[in-house]
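**Student:** Got a structure for you, protein.cif, holding mmCIF, C-alpha atoms.
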data_data
#
loop_
_atom_site.label_atom_id
_atom_site.label_comp_id
_atom_site.auth_asym_id
_atom_site.auth_seq_id
_atom_site.Cartn_x
_atom_site.Cartn_y
_atom_site.Cartn_z
CA MET A 1 95.82 -2.04 160.87
CA LEU A 2 95.26 1.04 163.02
CA THR A 3 93.24 3.51 161.01
CA GLN A 4 92.54 6.26 163.55
CA THR A 5 94.76 8.22 165.91
CA THR A 6 95.72 6.10 168.90
CA THR A 7 98.51 5.27 171.31
CA ARG A 8 99.76 1.82 172.20
CA VAL A 9 102.77 0.13 173.78
CA LEU A 10 105.17 -0.87 171.02
CA GLU A 11 106.33 -4.47 170.66
CA PRO A 12 109.66 -5.92 169.44
CA SER A 13 108.16 -6.28 165.94
CA ASP A 14 107.78 -2.47 165.80
CA LEU A 15 111.54 -1.90 166.07
CA ASP A 16 112.20 -0.74 162.50
CA ALA A 17 109.30 1.72 162.57
CA ALA A 18 110.46 3.11 165.93
CA LEU A 19 114.04 3.51 164.72
CA ALA A 20 112.76 5.38 161.66
CA VAL A 21 111.07 7.92 163.96
CA LEU A 22 114.15 8.22 166.17
CA ASP A 23 116.30 8.72 163.07
CA ARG A 24 114.46 11.94 162.22
CA GLU A 25 116.38 13.80 164.92
CA PRO A 26 119.54 11.77 165.57
CA VAL A 27 121.20 14.31 167.88
CA ALA A 28 118.24 15.17 170.10
CA ASN A 29 117.17 11.52 170.28
CA ALA A 30 120.63 10.01 170.88
CA PHE A 31 119.87 8.93 174.47
CA VAL A 32 116.76 6.93 173.58
CA THR A 33 118.13 5.70 170.24
CA ALA A 34 121.20 4.25 171.94
CA ARG A 35 119.03 2.33 174.41
CA VAL A 36 116.71 1.00 171.71
CA GLN A 37 119.60 -0.10 169.49
CA VAL A 38 121.05 -2.15 172.36
CA ALA A 39 117.86 -3.42 174.02
CA GLY A 40 115.19 -3.36 171.31
CA LEU A 41 111.63 -2.66 172.42
CA ASP A 42 111.17 -5.44 174.97
CA PRO A 43 110.17 -3.47 178.12
CA TRP A 44 112.21 -5.68 180.46
CA ARG A 45 115.44 -5.16 178.50
CA LEU A 46 114.68 -1.54 177.60
CA GLY A 47 113.97 -0.57 181.20
CA GLY A 48 110.57 0.86 180.30
CA GLU A 49 107.82 0.92 177.72
CA MET A 50 107.94 2.65 174.36
CA TRP A 51 104.62 4.25 173.56
CA GLY A 52 103.72 4.88 169.95
CA TRP A 53 101.31 7.45 168.55
CA TYR A 54 99.70 6.44 165.26
CA GLU A 55 98.04 8.66 162.68
CA ASP A 56 96.29 6.97 159.74
CA GLY A 57 97.99 3.71 160.58
CA MET A 58 101.51 5.17 160.54
CA LEU A 59 103.76 5.51 163.58
CA ALA A 60 104.22 9.28 163.93
CA SER A 61 105.56 9.95 167.45
CA LEU A 62 107.11 8.09 170.38
CA CYS A 63 107.34 8.44 174.14
CA TYR A 64 109.81 6.48 176.25
CA ALA A 65 108.31 5.67 179.65
CA GLY A 66 110.96 4.36 182.02
CA ALA A 67 113.02 6.05 184.73
CA ASN A 68 112.48 9.15 182.57
CA LEU A 69 109.44 10.09 180.53
CA VAL A 70 110.76 11.29 177.15
CA PRO A 71 108.56 12.61 174.32
CA ILE A 72 110.14 11.98 170.91
CA CYS A 73 109.18 13.80 167.68
CA ALA A 74 105.87 14.41 169.44
CA THR A 75 103.13 16.41 167.75
CA PRO A 76 100.59 18.30 169.90
CA ARG A 77 98.00 15.57 169.33
CA ALA A 78 100.53 12.89 170.24
CA ILE A 79 101.41 14.76 173.43
CA ARG A 80 97.76 14.75 174.48
CA GLY A 81 97.61 11.01 173.82
CA PHE A 82 100.80 10.39 175.80
CA ALA A 83 99.55 12.57 178.67
CA ASP A 84 96.30 10.58 178.85
CA ARG A 85 98.24 7.31 179.04
CA ALA A 86 100.66 8.71 181.61
CA ARG A 87 97.84 9.92 183.84
CA ARG A 88 96.13 6.53 183.69
CA SER A 89 99.29 4.59 184.54
CA GLY A 90 100.40 7.01 187.28
CA ARG A 91 103.84 8.54 187.75
CA ARG A 92 106.60 5.95 187.83
CA CYS A 93 109.43 8.13 186.50
CA SER A 94 111.87 10.38 188.36
CA SER A 95 111.85 13.02 185.63
CA ILE A 96 110.31 14.19 182.38
CA VAL A 97 112.97 15.25 179.91
CA GLY A 98 113.05 16.08 176.23
CA PRO A 99 112.86 18.89 173.68
CA ALA A 100 111.71 21.99 175.52
CA GLU A 101 108.52 22.72 173.55
CA SER A 102 107.01 19.25 173.62
CA THR A 103 108.13 18.61 177.21
CA ALA A 104 106.51 21.87 178.34
CA GLN A 105 103.25 20.87 176.64
CA LEU A 106 103.37 17.42 178.25
CA TRP A 107 104.06 18.89 181.69
CA ARG A 108 101.18 21.38 181.40
CA LEU A 109 98.83 18.44 180.88
CA LEU A 110 100.36 16.28 183.63
CA GLU A 111 101.06 18.87 186.33
CA PRO A 112 97.48 18.91 187.75
CA SER A 113 97.71 15.20 188.56
CA TRP A 114 101.48 14.65 188.86
CA GLY A 115 102.60 17.94 190.39
CA PRO A 116 104.16 19.65 192.07
CA ALA A 117 107.63 18.96 190.67
CA ARG A 118 110.70 19.23 192.86
CA GLU A 119 112.29 21.42 190.21
CA VAL A 120 111.55 22.53 186.64
CA ARG A 121 114.45 23.46 184.34
CA ALA A 122 112.60 24.99 181.44
CA GLN A 123 115.54 25.93 179.20
CA GLN A 124 118.59 23.68 178.91
CA PRO A 125 120.50 24.63 175.75
CA LEU A 126 121.30 21.69 173.45
CA MET A 127 124.81 22.18 172.07
CA VAL A 128 126.60 20.32 169.28
CA THR A 129 129.90 20.21 167.44
CA ASP A 130 131.49 18.03 164.79
CA ARG A 131 135.11 19.22 165.02
CA LEU A 132 137.92 19.89 167.44
CA PRO A 133 138.73 23.51 168.34
CA ASP A 134 141.67 25.15 166.59
CA ASP A 135 142.79 27.22 169.57
CA ILE A 136 142.49 24.89 172.59
CA VAL A 137 145.00 22.10 173.18
CA PRO A 138 143.29 18.99 174.57
CA ASP A 139 144.41 18.26 178.13
CA PRO A 140 147.05 15.50 177.73
CA TYR A 141 146.32 14.21 181.25
CA VAL A 142 142.65 13.41 180.52
CA ARG A 143 142.40 9.70 179.74
CA ARG A 144 140.03 6.78 179.82
CA VAL A 145 139.20 5.52 183.31
CA ARG A 146 140.42 1.94 183.80
CA LYS A 147 138.19 -0.83 185.08
CA ASP A 148 140.27 -1.13 188.25
CA GLU A 149 139.64 2.57 189.05
CA MET A 150 135.96 2.35 190.02
CA GLU A 151 136.73 3.32 193.62
CA THR A 152 138.63 6.35 192.32
CA ILE A 153 135.94 7.65 189.94
CA MET A 154 132.83 6.81 191.95
CA PRO A 155 133.06 9.62 194.58
CA ALA A 156 133.46 12.19 191.78
CA CYS A 157 130.43 10.76 189.96
CA VAL A 158 128.33 10.89 193.13
CA ALA A 159 129.45 14.47 193.82
CA MET A 160 128.61 15.57 190.27
CA PHE A 161 125.18 13.90 190.31
CA THR A 162 124.25 15.33 193.72
CA GLU A 163 125.36 18.82 192.69
CA GLU A 164 123.54 18.61 189.36
CA VAL A 165 120.28 16.90 190.32
CA GLY A 166 119.94 17.97 193.94
CA VAL A 167 119.63 14.46 195.40
CA SER A 168 122.21 11.73 195.94
CA PRO A 169 122.22 8.79 193.50
CA LEU A 170 122.94 6.59 196.54
CA ALA A 171 119.43 7.15 197.94
CA GLY A 172 116.84 4.42 197.59
CA ASP A 173 118.74 1.31 196.56
CA GLY A 174 122.04 2.34 198.15
CA GLY A 175 123.41 3.33 194.77
CA LEU A 176 123.36 -0.12 193.17
CA LEU A 177 121.76 1.05 189.92
CA TYR A 178 123.96 4.13 189.71
CA GLN A 179 127.11 2.15 190.41
CA ALA A 180 126.14 -0.33 187.69
CA ARG A 181 125.68 2.52 185.22
CA VAL A 182 129.07 4.04 186.07
CA ALA A 183 130.69 0.60 185.75
CA GLU A 184 129.02 0.15 182.36
CA LEU A 185 130.49 3.44 181.08
CA VAL A 186 133.94 2.63 182.48
CA GLY A 187 133.81 -0.88 181.02
CA SER A 188 132.84 0.41 177.57
CA GLY A 189 135.66 2.98 177.53
CA ARG A 190 133.32 5.98 177.75
CA SER A 191 134.43 7.40 181.13
CA PHE A 192 137.26 9.96 181.16
CA ALA A 193 139.16 11.72 183.93
CA ARG A 194 142.23 13.67 184.94
CA LEU A 195 143.80 12.67 188.25
CA ASP A 196 146.15 14.78 190.37
CA GLN A 197 149.44 13.53 191.82
CA ASP A 198 147.56 12.06 194.80
CA GLY A 199 145.26 10.03 192.55
CA LYS A 200 142.22 12.28 193.13
CA VAL A 201 139.86 13.12 190.29
CA VAL A 202 140.12 16.79 189.32
CA PHE A 203 138.13 16.62 186.05
CA LYS A 204 135.79 14.01 184.64
CA ALA A 205 133.17 13.47 181.96
CA GLU A 206 131.42 10.57 180.26
CA ILE A 207 130.05 9.82 176.82
CA GLY A 208 126.68 8.69 178.09
CA ALA A 209 124.79 7.86 174.92
CA ALA A 210 126.37 6.69 171.69
CA THR A 211 124.97 5.83 168.27
CA SER A 212 126.68 5.70 164.88
CA GLN A 213 125.36 9.20 164.14
CA ALA A 214 125.77 11.10 167.40
CA CYS A 215 126.98 10.83 170.97
CA GLN A 216 126.13 12.78 174.10
CA ILE A 217 128.71 14.00 176.60
CA GLN A 218 127.46 14.13 180.18
CA GLY A 219 128.61 14.32 183.78
CA VAL A 220 131.17 17.07 183.18
CA TRP A 221 132.65 17.97 186.57
CA VAL A 222 135.66 19.81 187.98
CA ALA A 223 136.59 19.25 191.62
CA PRO A 224 135.57 22.38 193.61
CA GLU A 225 139.10 23.20 194.73
CA TYR A 226 140.29 23.16 191.10
CA ARG A 227 137.57 25.39 189.65
CA GLY A 228 138.61 28.66 188.06
CA ARG A 229 141.95 27.25 186.90
CA GLY A 230 140.97 26.72 183.27
CA LEU A 231 140.69 22.92 183.39
CA ALA A 232 137.22 22.59 181.88
CA ALA A 233 137.84 23.67 178.28
CA PRO A 234 141.05 21.62 177.70
CA GLY A 235 139.41 18.70 179.50
CA MET A 236 136.35 18.91 177.27
CA ALA A 237 138.57 19.19 174.20
CA ALA A 238 140.27 15.94 175.24
CA VAL A 239 136.94 14.14 175.72
CA LEU A 240 135.71 15.57 172.42
CA ARG A 241 138.80 14.21 170.65
CA TYR A 242 138.01 10.71 171.92
CA ALA A 243 134.32 11.12 171.05
CA LEU A 244 134.85 12.20 167.44
CA ALA A 245 137.68 9.74 166.78
CA ASP A 246 136.16 6.64 168.39
CA ILE A 247 132.40 7.07 168.79
CA ALA A 248 130.45 9.29 166.35
CA PRO A 249 130.86 12.17 163.89
CA VAL A 250 128.79 14.58 166.04
CA ALA A 251 129.00 15.23 169.79
CA SER A 252 126.24 16.89 171.78
CA LEU A 253 125.40 17.87 175.33
CA TYR A 254 122.77 19.85 177.14
CA VAL A 255 123.43 22.25 179.98
CA ASN A 256 121.42 24.31 182.46
CA ASP A 257 120.84 27.82 181.16
CA PHE A 258 121.92 29.28 184.53
CA ASN A 259 125.33 27.55 184.36
CA THR A 260 127.07 30.41 182.59
CA ALA A 261 130.60 29.15 183.31
CA ALA A 262 129.91 25.75 181.73
CA ARG A 263 128.17 27.29 178.70
CA ALA A 264 131.16 29.59 178.16
CA ALA A 265 133.61 26.67 178.41
CA TYR A 266 131.60 24.60 175.93
CA ARG A 267 131.44 27.53 173.49
CA ARG A 268 135.21 27.94 173.74
CA VAL A 269 135.60 24.30 172.70
CA GLY A 270 133.34 24.94 169.69
CA PHE A 271 129.92 23.74 170.83
CA GLN A 272 127.04 25.74 169.37
CA GLU A 273 123.49 25.99 170.70
CA VAL A 274 121.02 24.39 168.28
CA GLY A 275 117.93 23.99 170.47
CA ALA A 276 116.83 23.44 174.04
CA PHE A 277 115.81 20.63 176.34
CA MET A 278 113.59 20.83 179.40
CA SER A 279 113.71 18.71 182.55
CA VAL A 280 111.02 18.26 185.17
CA LEU A 281 112.51 16.65 188.30
CA PHE A 282 110.46 14.83 190.93
#
Take the structure I supplied and represent it as structure tokens, if you would.

**Tutor:**
Amino acid sequence: MLTQTTTRVLEPSDLDAALAVLDREPVANAFVTARVQVAGLDPWRLGGEMWGWYEDGMLASLCYAGANLVPICATPRAIRGFADRARRSGRRCSSIVGPAESTAQLWRLLEPSWGPAREVRAQQPLMVTDRLPDDIVPDPYVRRVRKDEMETIMPACVAMFTEEVGVSPLAGDGGLLYQARVAELVGSGRSFARLDQDGKVVFKAEIGAATSQACQIQGVWVAPEYRGRGLAAPGMAAVLRYALADIAPVASLYVNDFNTAARAAYRRVGFQEVGAFMSVLF
């Protein structure tokens, strides 16, 4: 039994204890919880290690270390422990992302050895809702993307990602990993779009993470030539209807604080800001 404060890589036998930590904040932790529920804690299946911080023998905090580094329910002492481990192992992630306060603390400790970042987004409002809006009719043309429509949805996904992150998801491996992720969302019925009469995507969004308690909407995008026509709010209302009916009782998303148009559209659909995330992009 671990009697002092320490960090270690969790093993499959630690699954129940890890899920208990994740369950403390089901909305904020939806992304990691969804992965753990599907893959368990085996690093090969999970796509990264799960680090645990123990105090008096009890698992108190977590940090997912994969393509993203994600502090979870992390106390200041846990953050120092996670930063020490991250420095020793070297940077293998493309971003650090998580609740703004703990992510900022983690980045302060890692920046001297991991910096500079390509971009730091210090305040990304976390927004949630558990009901459909009364005054916005869901767009009847927004529907699930079919499995035979990968070639239709993929250019829109690439455009959204490049616009949002600042680099193309096709760099590096030619987009194999990204294409697999898009195909996974389409195959599981969590990719939604509206197409125009020519079969071009004019609005799209995905339900990226899903647990029984909460789901996270992501990848919201309106084709540039259709912006300003009021498609976003009805489109989001349609995706929200699917999310609440088929996936989970609460839907969440996080958005860049400088994206005032998106924040306004989400508020119109009924999303309320309940906290903030932070992303450090490399």

**Student:** Give the answer as one residue: which of A:Asp135, A:Ser191, A:Ser94, A:Asp196 has the shortest atom-to-atom distance to Ala117 of chain A, using all atoms listed in the file?

**Tutor:** A:Ser94

**Student:** Restricting the calculation to all atoms listed in the file, which member of A:Thr103, A:Gln37, A:Gln216, A:Thr75 is positioned closest to Ala18 of chain A?

**Tutor:**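 Of A:Thr103, A:Gln37, A:Gln216, A:Thr75, the one nearest Ala18 of chain A is A:Gln37, counting all atoms listed in the file.
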
**Student:** Give me the residues within 8 Å of segment 172-187 of chain A as a PDB file with C-alpha atoms, in the frame of the given file, counting all atoms listed in the file and dropping any in the same chain fewer than 3 places off.

**Tutor:**
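Generated file (out31.pdb):
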ATOM      1  CA  ARG A 144     140.030   6.780 179.820  1.00  0.00           C
ATOM      2  CA  VAL A 145     139.200   5.520 183.310  1.00  0.00           C
ATOM      3  CA  ARG A 146     140.420   1.940 183.800  1.00  0.00           C
ATOM      4  CA  LYS A 147     138.190  -0.830 185.080  1.00  0.00           C
ATOM      5  CA  MET A 150     135.960   2.350 190.020  1.00  0.00           C
ATOM      6  CA  MET A 154     132.830   6.810 191.950  1.00  0.00           C
ATOM      7  CA  CYS A 157     130.430  10.760 189.960  1.00  0.00           C
ATOM      8  CA  PRO A 169     122.220   8.790 193.500  1.00  0.00           C
ATOM      9  CA  ARG A 190     133.320   5.980 177.750  1.00  0.00           C
ATOM     10  CA  SER A 191     134.430   7.400 181.130  1.00  0.00           C
ATOM     11  CA  GLU A 206     131.420  10.570 180.260  1.00  0.00           C
ATOM     12  CA  ILE A 207     130.050   9.820 176.820  1.00  0.00           C
ATOM     13  CA  GLY A 208     126.680   8.690 178.090  1.00  0.00           C
TER      14      GLY A 208
END

**Student:** From the set A:Arg121, A:Arg91, A:Arg143, A:Lys204, which residue has the shortest atom-to-atom contact distance to Tyr242 of chain A, counting all atoms listed in the file?

**Tutor:**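 Closest to Tyr242 of chain A, using all atoms listed in the file: A:Arg143.
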
**Student:** Find the residues near Asn256 of chain A: any atom within 7 Å, counting only C-alpha atoms, skip ones fewer than 6 places away on the same chain, and give them as a list in words.

**Tutor:** Gln123, Gln124 and Pro125 of chain A

**Student:** Would you kindly translate the PyMOL selection byres ((chain A and resi 218-229) around 10) into the concrete residues it picks from this file, as a PyMOL selection string?

**Tutor:** chain A and resi 156-161+163-164+191-194+200-209+215-217+230-232+235-236+239+252-255+261-262

**Student:** Any idea what the distance is between atom CA of Leu19 of chain A and atom CA of Ala104 of chain A?

**Tutor:** 24.1 Å

**Student:** Measuring between all atoms listed in the file, which one of A:Ala78, A:Leu69, A:Asp257, A:Ala265 shows the shortest distance to Gly90 of chain A?

**Tutor:** A:Leu69

**Student:** Using only C-alpha atoms, determine which residues lie at most 7 Å from Glu273 of chain A, disregarding the query and same-chain residues fewer than 2 positions distant; provide the list as a list in words.

**Tutor:**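 Those residues are Pro125, Leu126, Met127, Val128, Phe271 and Gly275 of chain A.
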
**Student:** Just checking: using all atoms listed in the file, which residue out of A:Glu149, A:Asp42, A:Glu49, A:Asp130 ends up closest to Ala243 of chain A?

**Tutor:**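 Counting all atoms listed in the file, the residue closest to Ala243 of chain A is A:Asp130.
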